[in-house]
file query.txt (compact mmCIF, C-alpha atoms and all ligand atoms)
# COMPACT_ATOMS: atom_id res chain seq x y z
CA MET A 5 -12.53 -39.52 12.39
CA MET A 6 -14.50 -41.58 14.88
CA THR A 7 -15.14 -40.24 18.37
CA THR A 8 -14.78 -43.04 20.89
CA LEU A 9 -15.18 -43.31 24.65
CA GLY A 10 -15.31 -46.85 26.05
CA SER A 11 -17.69 -48.84 23.86
CA ALA A 12 -19.41 -45.69 22.53
CA SER A 13 -18.12 -44.76 19.09
CA ALA A 14 -19.59 -42.33 16.57
CA PRO A 15 -18.54 -41.15 13.09
CA PRO A 16 -19.01 -37.44 12.23
CA GLY A 17 -22.64 -36.38 12.47
CA GLU A 18 -23.64 -39.17 14.83
CA LEU A 19 -24.19 -39.90 18.52
CA ASP A 20 -23.56 -43.15 20.35
CA THR A 21 -23.90 -44.46 23.89
CA GLY A 22 -22.04 -47.27 25.60
CA ARG A 23 -20.02 -48.20 28.65
CA LEU A 24 -16.62 -47.21 29.95
CA GLU A 25 -15.29 -50.27 31.79
CA VAL A 26 -13.41 -49.72 35.05
CA GLY A 27 -12.73 -53.10 36.68
CA GLU A 28 -15.29 -55.42 38.24
CA THR A 29 -17.71 -55.52 41.17
CA ARG A 30 -17.31 -58.01 44.01
CA ASP A 31 -19.29 -60.68 42.14
CA GLY A 32 -17.12 -60.27 39.07
CA SER A 33 -19.59 -58.27 36.96
CA THR A 34 -18.11 -55.55 34.83
CA VAL A 35 -18.23 -52.00 36.20
CA GLY A 36 -19.33 -50.05 33.16
CA LEU A 37 -19.94 -46.31 33.53
CA PRO A 38 -22.69 -45.15 31.14
CA VAL A 39 -21.15 -42.88 28.52
CA ALA A 40 -22.29 -40.95 25.46
CA VAL A 41 -20.28 -39.41 22.65
CA VAL A 42 -21.47 -36.79 20.19
CA ASN A 43 -19.35 -36.41 17.07
CA GLY A 44 -20.43 -33.18 15.41
CA ALA A 45 -20.72 -32.96 11.65
CA ASP A 46 -18.33 -29.99 11.70
CA ASP A 47 -14.98 -29.48 13.40
CA GLY A 48 -14.82 -27.58 16.66
CA LYS A 49 -13.87 -27.81 20.30
CA THR A 50 -14.22 -30.81 22.58
CA LEU A 51 -16.40 -30.60 25.71
CA TYR A 52 -16.25 -33.12 28.54
CA VAL A 53 -19.25 -33.40 30.87
CA GLN A 54 -19.69 -35.70 33.85
CA ALA A 55 -22.36 -36.23 36.49
CA VAL A 56 -22.81 -38.21 39.74
CA SER A 57 -19.19 -37.92 40.84
CA ASP A 58 -20.82 -37.94 44.26
CA GLY A 59 -23.26 -40.84 44.33
CA ASP A 60 -26.23 -39.03 45.91
CA GLU A 61 -26.00 -35.95 43.66
CA LEU A 62 -28.52 -36.71 40.95
CA ASN A 63 -29.51 -33.30 39.53
CA GLY A 64 -26.55 -33.46 37.11
CA LEU A 65 -27.83 -36.79 35.83
CA GLY A 66 -31.21 -35.10 35.40
CA VAL A 67 -29.46 -32.55 33.18
CA VAL A 68 -27.76 -35.28 31.13
CA THR A 69 -31.01 -37.21 30.60
CA ARG A 70 -32.59 -34.06 29.17
CA LEU A 71 -29.55 -32.74 27.30
CA VAL A 72 -28.55 -35.77 25.23
CA PRO A 73 -31.91 -36.34 23.47
CA GLN A 74 -31.89 -32.66 22.43
CA LEU A 75 -28.46 -32.83 20.75
CA ASP A 76 -28.49 -33.17 16.96
CA PRO A 77 -24.95 -34.20 15.87
CA ALA A 78 -25.71 -32.97 12.32
CA GLU A 79 -26.04 -29.44 13.74
CA ILE A 80 -23.03 -29.61 16.06
CA ALA A 81 -19.44 -28.47 15.55
CA GLY A 82 -16.95 -30.33 17.70
CA GLN A 83 -17.25 -33.26 20.05
CA ILE A 84 -19.01 -33.85 23.36
CA LEU A 85 -17.89 -36.62 25.72
CA ILE A 86 -20.29 -37.44 28.56
CA VAL A 87 -19.99 -39.76 31.55
CA GLY A 88 -23.51 -39.95 32.96
CA ILE A 89 -22.69 -41.74 36.22
CA VAL A 90 -19.12 -41.47 37.53
CA ASN A 91 -19.47 -42.87 41.05
CA TYR A 92 -20.89 -46.22 39.97
CA HIS A 93 -20.69 -47.95 43.35
CA ALA A 94 -22.10 -45.05 45.41
CA PHE A 95 -24.94 -44.55 42.92
CA GLN A 96 -26.06 -48.19 43.33
CA VAL A 97 -26.62 -47.64 47.06
CA ALA A 98 -27.63 -43.93 46.89
CA GLU A 99 -24.70 -42.78 49.01
CA HIS A 100 -22.28 -39.90 48.67
CA ARG A 101 -19.00 -41.82 48.86
CA ASN A 102 -17.84 -44.91 47.02
CA PRO A 103 -18.65 -47.70 49.54
CA VAL A 104 -15.88 -49.94 48.18
CA ASP A 105 -13.13 -47.71 49.57
CA ASP A 106 -15.16 -45.12 51.55
CA THR A 107 -13.69 -42.36 49.42
CA LYS A 108 -15.18 -39.15 48.04
CA MET A 109 -14.61 -39.30 44.30
CA ASN A 110 -13.99 -35.56 44.05
CA ARG A 111 -10.88 -35.92 46.22
CA ALA A 112 -9.39 -38.68 44.04
CA TYR A 113 -8.49 -36.77 40.83
CA PRO A 114 -6.41 -37.13 38.71
CA GLY A 115 -6.64 -40.72 39.93
CA ASP A 116 -4.43 -43.76 39.53
CA ALA A 117 -5.12 -46.55 37.02
CA ASN A 118 -3.55 -49.06 39.44
CA GLY A 119 -4.96 -47.57 42.64
CA THR A 120 -8.09 -47.94 44.76
CA SER A 121 -11.58 -48.28 43.31
CA SER A 122 -12.17 -44.51 43.37
CA GLU A 123 -8.70 -43.73 42.04
CA ARG A 124 -9.25 -46.07 39.09
CA ILE A 125 -12.60 -44.48 38.21
CA ALA A 126 -11.03 -41.03 38.59
CA ALA A 127 -8.16 -42.06 36.31
CA ALA A 128 -10.49 -43.50 33.65
CA THR A 129 -12.73 -40.42 33.60
CA PHE A 130 -9.75 -38.05 33.77
CA GLU A 131 -8.35 -39.68 30.62
CA ALA A 132 -11.58 -38.60 28.88
CA ALA A 133 -11.51 -35.14 30.47
CA LYS A 134 -7.94 -34.58 29.25
CA ARG A 135 -9.12 -34.88 25.64
CA ALA A 136 -11.34 -31.82 26.09
CA ASP A 137 -10.95 -28.06 25.71
CA LEU A 138 -13.57 -27.45 28.42
CA VAL A 139 -14.79 -29.51 31.38
CA VAL A 140 -18.13 -29.31 33.22
CA ASP A 141 -18.38 -31.46 36.37
CA LEU A 142 -22.04 -31.43 37.46
CA HIS A 143 -22.50 -31.49 41.24
CA GLN A 144 -24.92 -30.19 43.87
CA GLY A 145 -24.80 -29.38 47.57
CA ARG A 146 -25.31 -33.01 48.50
CA THR A 147 -28.75 -33.45 50.04
CA SER A 148 -28.53 -30.11 51.89
CA ARG A 149 -30.62 -27.19 50.77
CA MET A 150 -28.41 -24.93 48.64
CA ILE A 151 -28.63 -22.13 46.12
CA ASN A 152 -27.79 -22.93 42.49
CA GLU A 153 -24.19 -21.83 42.05
CA THR A 154 -21.10 -22.56 40.00
CA ARG A 155 -17.71 -23.22 41.55
CA VAL A 156 -14.36 -22.14 40.20
CA ARG A 157 -11.85 -24.18 42.17
CA CYS A 158 -8.47 -23.47 40.59
CA GLY A 159 -7.88 -20.45 42.86
CA PRO A 160 -7.40 -16.78 41.89
CA ARG A 161 -3.66 -17.11 41.23
CA HIS A 162 -4.01 -19.99 38.75
CA ARG A 163 -3.02 -19.29 35.12
CA LEU A 164 -6.47 -20.47 33.95
CA HIS A 165 -8.46 -18.52 36.55
CA ARG A 166 -9.81 -16.04 34.00
CA GLU A 167 -10.85 -18.82 31.59
CA CYS A 168 -12.57 -20.79 34.36
CA LEU A 169 -14.42 -17.65 35.52
CA GLU A 170 -15.50 -16.96 31.94
CA LEU A 171 -16.91 -20.50 31.67
CA ALA A 172 -18.74 -19.99 34.99
CA LYS A 173 -20.20 -16.71 33.75
CA VAL A 174 -21.37 -18.37 30.55
CA PHE A 175 -22.97 -21.25 32.49
CA GLY A 176 -24.81 -18.48 34.30
CA THR A 177 -26.40 -19.88 37.46
CA GLY A 178 -26.26 -16.34 38.90
CA TYR A 179 -23.96 -17.20 41.80
CA VAL A 180 -20.29 -18.20 41.67
CA LEU A 181 -18.08 -19.50 44.46
CA ASP A 182 -14.56 -18.48 43.45
CA GLN A 183 -12.32 -20.19 45.96
CA LYS A 184 -9.44 -22.65 45.62
CA GLY A 185 -10.77 -26.14 46.31
CA PRO A 186 -9.21 -29.08 48.12
CA ASP A 187 -6.67 -31.39 46.48
CA GLY A 188 -8.18 -34.13 44.35
CA GLN A 189 -11.03 -32.16 42.78
CA LEU A 190 -11.53 -32.51 39.04
CA ALA A 191 -12.05 -28.73 38.97
CA ARG A 192 -8.45 -28.39 40.16
CA ALA A 193 -6.78 -31.30 38.34
CA ALA A 194 -8.17 -30.38 34.91
CA PRO A 195 -7.07 -26.69 35.02
CA ASP A 196 -3.63 -27.95 36.12
CA ASN A 197 -3.68 -29.82 32.80
CA GLY A 198 -4.60 -26.62 30.94
CA ILE A 199 -8.36 -27.18 30.67
CA PRO A 200 -10.85 -24.54 31.90
CA THR A 201 -13.23 -26.31 34.27
CA ILE A 202 -16.32 -25.49 36.30
CA ASP A 203 -18.15 -27.38 39.00
CA PRO A 204 -21.79 -26.29 38.83
CA GLU A 205 -23.56 -26.97 42.11
CA LEU A 206 -27.18 -27.46 41.10
CA GLY A 207 -28.96 -26.72 44.34
CA GLY A 208 -29.40 -29.53 46.80
CA ALA A 209 -32.02 -32.23 46.74
CA VAL A 210 -32.95 -35.73 47.74
CA GLY A 211 -33.58 -37.14 44.29
CA TRP A 212 -34.30 -34.67 41.50
CA ASP A 213 -35.12 -30.99 41.82
CA GLU A 214 -36.81 -29.79 38.66
CA GLU A 215 -35.82 -26.12 39.03
CA SER A 216 -32.14 -26.94 39.53
CA ILE A 217 -32.15 -29.39 36.61
CA GLU A 218 -33.66 -26.71 34.34
CA ILE A 219 -31.01 -24.20 35.46
CA GLY A 220 -28.29 -26.76 34.70
CA LEU A 221 -29.76 -27.62 31.32
CA ALA A 222 -29.97 -23.93 30.36
CA GLY A 223 -26.34 -23.55 31.47
CA MET A 224 -25.23 -26.43 29.27
CA PHE A 225 -26.94 -24.91 26.22
CA ARG A 226 -25.33 -21.52 26.94
CA VAL A 227 -21.92 -23.23 27.04
CA LEU A 228 -22.64 -25.07 23.77
CA ARG A 229 -23.64 -21.81 22.04
CA TYR A 230 -20.93 -19.57 23.47
CA TYR A 231 -18.10 -21.94 22.57
CA GLY A 232 -19.45 -22.61 19.07
CA PHE A 233 -20.79 -26.16 19.38
CA ILE A 234 -24.23 -25.00 18.28
CA ASP A 235 -25.50 -21.82 16.63
CA GLY A 236 -26.89 -18.96 18.65
CA GLU A 237 -26.01 -15.95 20.74
CA VAL A 238 -25.40 -15.93 24.47
CA ASP A 239 -26.06 -12.95 26.71
CA ARG A 240 -23.62 -13.20 29.57
CA GLU A 241 -25.24 -11.83 32.69
CA MET A 242 -23.59 -10.39 35.78
CA GLN A 243 -22.85 -13.06 38.37
CA THR A 244 -22.78 -12.59 42.12
CA ARG A 245 -19.48 -13.96 43.35
CA ALA A 246 -18.42 -15.09 46.81
CA SER A 247 -14.70 -15.57 47.39
CA GLY A 248 -15.03 -16.80 50.98
CA PHE A 249 -17.24 -19.37 52.65
CA ASP A 250 -18.07 -19.38 56.37
CA GLN A 251 -19.46 -22.61 57.79
CA TYR A 252 -21.48 -22.68 61.00
CA GLY A 253 -21.91 -25.56 63.41
CA SER A 254 -24.31 -25.75 66.31
CA PRO A 255 -23.05 -24.65 69.75
CA SER A 256 -25.49 -27.06 71.41
CA GLY A 257 -27.68 -30.03 70.70
CA GLY A 258 -31.34 -29.53 69.80
CA LEU A 259 -33.59 -28.35 66.99
CA VAL A 260 -32.55 -25.70 64.49
CA SER A 261 -34.81 -23.03 63.06
CA PHE A 262 -33.46 -20.58 60.48
CA GLU A 263 -34.03 -16.83 60.54
CA VAL A 264 -32.92 -16.23 56.93
CA GLU A 265 -33.75 -17.68 53.53
CA LEU A 266 -31.38 -19.18 50.99
CA GLY A 267 -29.96 -16.44 48.76
CA GLU A 268 -30.75 -13.69 51.27
CA ARG A 269 -28.14 -11.06 52.09
CA VAL A 270 -26.98 -11.14 55.69
CA ALA A 271 -25.04 -8.53 57.63
CA ARG A 272 -22.53 -9.27 60.32
CA GLY A 273 -24.44 -9.74 63.58
CA ASP A 274 -27.71 -10.85 61.96
CA THR A 275 -29.24 -13.94 63.52
CA LEU A 276 -28.78 -16.96 61.23
CA PHE A 277 -30.50 -19.61 63.33
CA ARG A 278 -31.75 -20.53 66.79
CA VAL A 279 -31.46 -23.85 68.58
CA THR A 280 -34.18 -24.94 71.00
CA ASP A 281 -34.73 -28.02 73.12
CA ALA A 282 -37.56 -30.46 72.45
CA PHE A 283 -39.99 -28.20 74.35
CA GLY A 284 -39.13 -25.00 72.50
CA GLU A 285 -36.85 -23.44 75.08
CA LEU A 286 -34.09 -21.36 73.48
CA LYS A 287 -30.62 -22.87 73.93
CA ALA A 288 -28.58 -20.85 71.46
CA ARG A 289 -28.80 -18.05 68.92
CA VAL A 290 -26.07 -17.91 66.25
CA THR A 291 -25.24 -14.72 64.36
CA ALA A 292 -23.29 -14.05 61.18
CA ASP A 293 -19.54 -13.44 61.66
CA ASN A 294 -19.34 -11.56 58.36
CA ASP A 295 -21.52 -9.90 55.73
CA GLY A 296 -22.51 -12.24 52.93
CA ILE A 297 -25.19 -14.38 51.30
CA PHE A 298 -27.00 -17.24 53.02
CA TRP A 299 -25.73 -20.04 50.80
CA ARG A 300 -26.52 -23.47 52.16
CA SER A 301 -28.29 -25.10 55.11
CA ARG A 302 -28.92 -28.51 56.60
CA ARG A 303 -32.19 -30.18 55.74
CA LEU A 304 -33.00 -31.94 59.02
CA PRO A 305 -33.68 -29.80 62.12
CA GLN A 306 -31.98 -32.00 64.72
CA VAL A 307 -28.32 -31.26 65.51
CA ALA A 308 -25.67 -32.39 67.95
CA THR A 309 -23.13 -29.98 69.40
CA GLY A 310 -20.66 -29.06 66.67
CA GLU A 311 -22.73 -30.52 63.87
CA TYR A 312 -22.92 -28.64 60.56
CA VAL A 313 -25.84 -26.20 60.29
CA CYS A 314 -25.31 -23.72 57.45
CA SER A 315 -22.90 -21.73 55.27
CA VAL A 316 -22.61 -18.07 54.29
CA GLY A 317 -20.78 -16.96 51.14
CA THR A 318 -18.61 -13.96 51.99
CA ASP A 319 -16.43 -11.33 50.25
CA VAL A 320 -19.23 -10.83 47.77
CA ASP A 321 -18.88 -8.86 44.54
CA GLN A 322 -20.21 -8.92 40.97
CA PHE A 323 -18.45 -9.79 37.75
ZN ZN B 1 -20.47 -33.15 44.76
call {"tool": "encode", "arguments": {"input": "query.txt", "output": "structure tokens", "more": "lines below"}}
Ligand SMILES: [Zn+2]
result
Amino acid sequence: MMTTLGSASAPPGELDTGRLEVGETRDGSTVGLPVAVVNGADDGKTLYVQAVSDGDELNGLGVVTRLVPQLDPAEIAGQILIVGIVNYHAFQVAEHRNPVDDTKMNRAYPGDANGTSSERIAAATFEAAKRADLVVDLHQGRTSRMINETRVRCGPRHRLHRECLELAKVFGTGYVLDQKGPDGQLARAAPDNGIPTIDPELGGAVGWDEESIEIGLAGMFRVLRYYGFIDGEVDREMQTRASGFDQYGSPSGGLVSFEVELGERVARGDTLFRVTDAFGELKARVTADNDGIFWRSRRLPQVATGEYVCSVGTDVDQF
């Protein structure tokens, strides 16, 4: 049996790359998402992987560029379907959202084949995801600074919650955010279709961050081993899980300086950051509302009143 995705088509024991066509650009050129298919020599599960759902999140693409050349279809059981760049239009202009319809792709799933630009891309990639037994949607914390973590977005009452958590533990970034996500996320739509799904958030970078890419690549190989695509044992390590997420904005305009490091434990009442004016005079000091882990922070120091500054993962445990 051939494995086909768009123009990529491989018989057992082979790998192929090609394009998945989703309409045309404004000048009439074909929009072709770069895709790869791996058809293992032996039977097994099907894994769907995608990257650059958000157009400025490139670490996942860094993982794909390193992963695919290391895959030997002769040594693989099962099939791997990969969309290397989902948000075609946003990627071209290095932005987060699809500029054609100003939409965030990860709010458009499961998509609509007759809908907006983002809905059509979501629908085309969701068709591929629905063929899989497992889905990995590679993201990062935009261009903010963020720890390497893996999100389980189906919510704790979902029938696939345990399976999604297991996949997150296997991927093994060390941190898991286990919190129901907003409507339109692939990590919600795919579990609703019976497919365990994770949304690894590979740090946050402008461009590529080598450490986060390596963590993502190691996670992909752990998934491939654990679920039987390739030979080898996987040691599942304890993950630190946050089930809540507090976001902090600035109470005043000025320059932010942080008092804690990413990944550091914070206690309620600890100072998270200070805001000063241009001459160093203190304008505000913001403390943690709850115990947790300092999870994510803005990259640029300048803030307006109410502008996003940082996040703390809360309700922390281990699993
Ligand atoms: Zn994202």
call {"tool": "residues_near_ligand", "arguments": {"input": "query.txt", "ligand": "ligand ZN 1 (chain B)", "cutoff": "7 Å", "atoms": "all atoms listed in the file", "output": "number ranges by chain"}}
result
A: 57-58, 61, 110, 143-146
call {"tool": "residues_near_point", "arguments": {"input": "query.txt", "point": "(-33.4, -20.8, 65.3)", "cutoff": "9 Å", "atoms": "all atoms listed in the file", "output": "PyMOL selection string"}}
result
chain A and resi 259-263+275-280+286+288-290
call {"tool": "write_last_selection", "arguments": {"input": "query.txt", "atoms": "C-alpha atoms", "output": "compact mmCIF listing (two decimals), keeping the file's coordinate frame"}}
result
# COMPACT_ATOMS: atom_id res chain seq x y z
CA LEU A 259 -33.59 -28.35 66.99
CA VAL A 260 -32.55 -25.70 64.49
CA SER A 261 -34.81 -23.03 63.06
CA PHE A 262 -33.46 -20.58 60.48
CA GLU A 263 -34.03 -16.83 60.54
CA THR A 275 -29.24 -13.94 63.52
CA LEU A 276 -28.78 -16.96 61.23
CA PHE A 277 -30.50 -19.61 63.33
CA ARG A 278 -31.75 -20.53 66.79
CA VAL A 279 -31.46 -23.85 68.58
CA THR A 280 -34.18 -24.94 71.00
CA LEU A 286 -34.09 -21.36 73.48
CA ALA A 288 -28.58 -20.85 71.46
CA ARG A 289 -28.80 -18.05 68.92
CA VAL A 290 -26.07 -17.91 66.25
call {"tool": "residues_around", "arguments": {"input": "query.txt", "residues": "segment 237-242 of chain A", "least_positions_apart": "3", "cutoff": "9 Å", "atoms": "only C-alpha atoms", "output": "PDB file with C-alpha atoms, in the frame of the given file"}}
result
ATOM      1  CA  LYS A 173     -20.200 -16.710  33.750  1.00  0.00           C
ATOM      2  CA  VAL A 174     -21.370 -18.370  30.550  1.00  0.00           C
ATOM      3  CA  PHE A 175     -22.970 -21.250  32.490  1.00  0.00           C
ATOM      4  CA  GLY A 176     -24.810 -18.480  34.300  1.00  0.00           C
ATOM      5  CA  GLY A 178     -26.260 -16.340  38.900  1.00  0.00           C
ATOM      6  CA  ARG A 226     -25.330 -21.520  26.940  1.00  0.00           C
ATOM      7  CA  VAL A 227     -21.920 -23.230  27.040  1.00  0.00           C
ATOM      8  CA  ARG A 229     -23.640 -21.810  22.040  1.00  0.00           C
ATOM      9  CA  TYR A 230     -20.930 -19.570  23.470  1.00  0.00           C
ATOM     10  CA  GLN A 322     -20.210  -8.920  40.970  1.00  0.00           C
ATOM     11  CA  PHE A 323     -18.450  -9.790  37.750  1.00  0.00           C
TER      12      PHE A 323
END
call {"tool": "closest_residue", "arguments": {"input": "query.txt", "among": "A:Leu171, A:Val87, A:Ala127, A:Cys314", "to": "Ala55 of chain A", "atoms": "all atoms listed in the file"}}
result
A:Val87
call {"tool": "residues_around", "arguments": {"input": "query.txt", "residues": "Leu266 of chain A", "least_positions_apart": "6", "cutoff": "10 Å", "atoms": "only C-alpha atoms", "output": "PDB file with C-alpha atoms, in the coordinates of the input"}}
result
ATOM      1  CA  ARG A 149     -30.620 -27.190  50.770  1.00  0.00           C
ATOM      2  CA  MET A 150     -28.410 -24.930  48.640  1.00  0.00           C
ATOM      3  CA  ILE A 151     -28.630 -22.130  46.120  1.00  0.00           C
ATOM      4  CA  ASN A 152     -27.790 -22.930  42.490  1.00  0.00           C
ATOM      5  CA  ILE A 297     -25.190 -14.380  51.300  1.00  0.00           C
ATOM      6  CA  PHE A 298     -27.000 -17.240  53.020  1.00  0.00           C
ATOM      7  CA  TRP A 299     -25.730 -20.040  50.800  1.00  0.00           C
ATOM      8  CA  ARG A 300     -26.520 -23.470  52.160  1.00  0.00           C
ATOM      9  CA  SER A 301     -28.290 -25.100  55.110  1.00  0.00           C
ATOM     10  CA  CYS A 314     -25.310 -23.720  57.450  1.00  0.00           C
ATOM     11  CA  SER A 315     -22.900 -21.730  55.270  1.00  0.00           C
ATOM     12  CA  VAL A 316     -22.610 -18.070  54.290  1.00  0.00           C
TER      13      VAL A 316
END
call {"tool": "closest_residue", "arguments": {"input": "query.txt", "among": "A:Asp295, A:Gly236, A:Gln243, A:Ala191", "to": "Glu153 of chain A", "atoms": "all atoms listed in the file"}}
result
A:Gln243
call {"tool": "closest_residue", "arguments": {"input": "query.txt", "among": "A:Gln96, A:Gln183, A:Asn91, A:Gln306", "to": "Arg124 of chain A", "atoms": "all atoms listed in the file"}}
result
A:Asn91
call {"tool": "closest_residue", "arguments": {"input": "query.txt", "among": "A:Asn63, A:Gln54, A:Thr107, A:Ser247", "to": "Asp141 of chain A", "atoms": "all atoms listed in the file"}}
result
A:Gln54
call {"tool": "atom_distance", "arguments": {"input": "query.txt", "atom1": "atom CA of Asp213 of chain A", "atom2": "atom CA of Asp60 of chain A"}}
result
12.7 Å
call {"tool": "closest_residue", "arguments": {"input": "query.txt", "among": "A:Arg245, A:Arg101, A:Arg111, A:Arg303", "to": "Tyr179 of chain A", "atoms": "only C-alpha atoms"}}
result
A:Arg245
call {"tool": "residues_around", "arguments": {"input": "query.txt", "residues": "Gln189 of chain A", "least_positions_apart": "6", "cutoff": "12 Å", "atoms": "all atoms listed in the file", "output": "PDB file with C-alpha atoms, in the coordinates of the input"}}
result
ATOM      1  CA  SER A  57     -19.190 -37.920  40.840  1.00  0.00           C
ATOM      2  CA  ASP A  58     -20.820 -37.940  44.260  1.00  0.00           C
ATOM      3  CA  LYS A 108     -15.180 -39.150  48.040  1.00  0.00           C
ATOM      4  CA  MET A 109     -14.610 -39.300  44.300  1.00  0.00           C
ATOM      5  CA  ASN A 110     -13.990 -35.560  44.050  1.00  0.00           C
ATOM      6  CA  ARG A 111     -10.880 -35.920  46.220  1.00  0.00           C
ATOM      7  CA  ALA A 112      -9.390 -38.680  44.040  1.00  0.00           C
ATOM      8  CA  TYR A 113      -8.490 -36.770  40.830  1.00  0.00           C
ATOM      9  CA  PRO A 114      -6.410 -37.130  38.710  1.00  0.00           C
ATOM     10  CA  GLY A 115      -6.640 -40.720  39.930  1.00  0.00           C
ATOM     11  CA  GLU A 123      -8.700 -43.730  42.040  1.00  0.00           C
ATOM     12  CA  ALA A 126     -11.030 -41.030  38.590  1.00  0.00           C
ATOM     13  CA  PHE A 130      -9.750 -38.050  33.770  1.00  0.00           C
ATOM     14  CA  ASP A 141     -18.380 -31.460  36.370  1.00  0.00           C
ATOM     15  CA  HIS A 143     -22.500 -31.490  41.240  1.00  0.00           C
ATOM     16  CA  ARG A 155     -17.710 -23.220  41.550  1.00  0.00           C
ATOM     17  CA  VAL A 156     -14.360 -22.140  40.200  1.00  0.00           C
ATOM     18  CA  ARG A 157     -11.850 -24.180  42.170  1.00  0.00           C
ATOM     19  CA  CYS A 158      -8.470 -23.470  40.590  1.00  0.00           C
ATOM     20  CA  PRO A 195      -7.070 -26.690  35.020  1.00  0.00           C
ATOM     21  CA  ASP A 196      -3.630 -27.950  36.120  1.00  0.00           C
ATOM     22  CA  THR A 201     -13.230 -26.310  34.270  1.00  0.00           C
ATOM     23  CA  ILE A 202     -16.320 -25.490  36.300  1.00  0.00           C
ATOM     24  CA  ASP A 203     -18.150 -27.380  39.000  1.00  0.00           C
TER      25      ASP A 203
END
call {"tool": "atom_distance", "arguments": {"input": "query.txt", "atom1": "atom CA of Ser121 of chain A", "atom2": "atom CA of Glu25 of chain A"}}
result
12.3 Å
call {"tool": "residues_around", "arguments": {"input": "query.txt", "residues": "segment 26-38 of chain A", "least_positions_apart": "2", "cutoff": "6 Å", "atoms": "only C-alpha atoms", "output": "list in words"}}
result
Gly22, Arg23, Leu24, Gly88 and Ile89 of chain A
call {"tool": "write_last_selection", "arguments": {"input": "query.txt", "atoms": "C-alpha atoms", "output": "mmCIF file, in the coordinates of the input"}}
result
data_model
loop_
_atom_site.group_PDB
_atom_site.id
_atom_site.type_symbol
_atom_site.label_atom_id
_atom_site.label_comp_id
_atom_site.auth_asym_id
_atom_site.auth_seq_id
_atom_site.Cartn_x
_atom_site.Cartn_y
_atom_site.Cartn_z
ATOM 1 C CA GLY A 22 -22.040 -47.270 25.600
ATOM 2 C CA ARG A 23 -20.020 -48.200 28.650
ATOM 3 C CA LEU A 24 -16.620 -47.210 29.950
ATOM 4 C CA GLY A 88 -23.510 -39.950 32.960
ATOM 5 C CA ILE A 89 -22.690 -41.740 36.220
#
call {"tool": "closest_residue", "arguments": {"input": "query.txt", "among": "A:Gly59, A:Gly159, A:Gly258, A:Gly207", "to": "Asp182 of chain A", "atoms": "only C-alpha atoms"}}
result
A:Gly159
call {"tool": "atom_distance", "arguments": {"input": "query.txt", "atom1": "atom CA of Leu51 of chain A", "atom2": "atom CA of Val140 of chain A"}}
result
7.8 Å
call {"tool": "residues_around", "arguments": {"input": "query.txt", "residues": "Ala12 of chain A", "least_positions_apart": "2", "cutoff": "9 Å", "atoms": "all atoms listed in the file", "output": "list in words"}}
result
Thr7, Thr8, Leu9, Gly10, Ala14, Leu19, Asp20, Thr21, Gly22, Arg23, Leu24, Val39, Ala40 and Val41 of chain A
call {"tool": "residues_near_point", "arguments": {"input": "query.txt", "point": "(-24.8, -12.6, 63.7)", "cutoff": "6 Å", "atoms": "only C-alpha atoms", "output": "PyMOL selection string"}}
result
chain A and resi 272-275+291-293
call {"tool": "write_last_selection", "arguments": {"input": "query.txt", "atoms": "C-alpha atoms", "output": "PDB file, in the frame of the given file"}}
result
ATOM      1  CA  ARG A 272     -22.530  -9.270  60.320  1.00  0.00           C
ATOM      2  CA  GLY A 273     -24.440  -9.740  63.580  1.00  0.00           C
ATOM      3  CA  ASP A 274     -27.710 -10.850  61.960  1.00  0.00           C
ATOM      4  CA  THR A 275     -29.240 -13.940  63.520  1.00  0.00           C
ATOM      5  CA  THR A 291     -25.240 -14.720  64.360  1.00  0.00           C
ATOM      6  CA  ALA A 292     -23.290 -14.050  61.180  1.00  0.00           C
ATOM      7  CA  ASP A 293     -19.540 -13.440  61.660  1.00  0.00           C
TER       8      ASP A 293
END
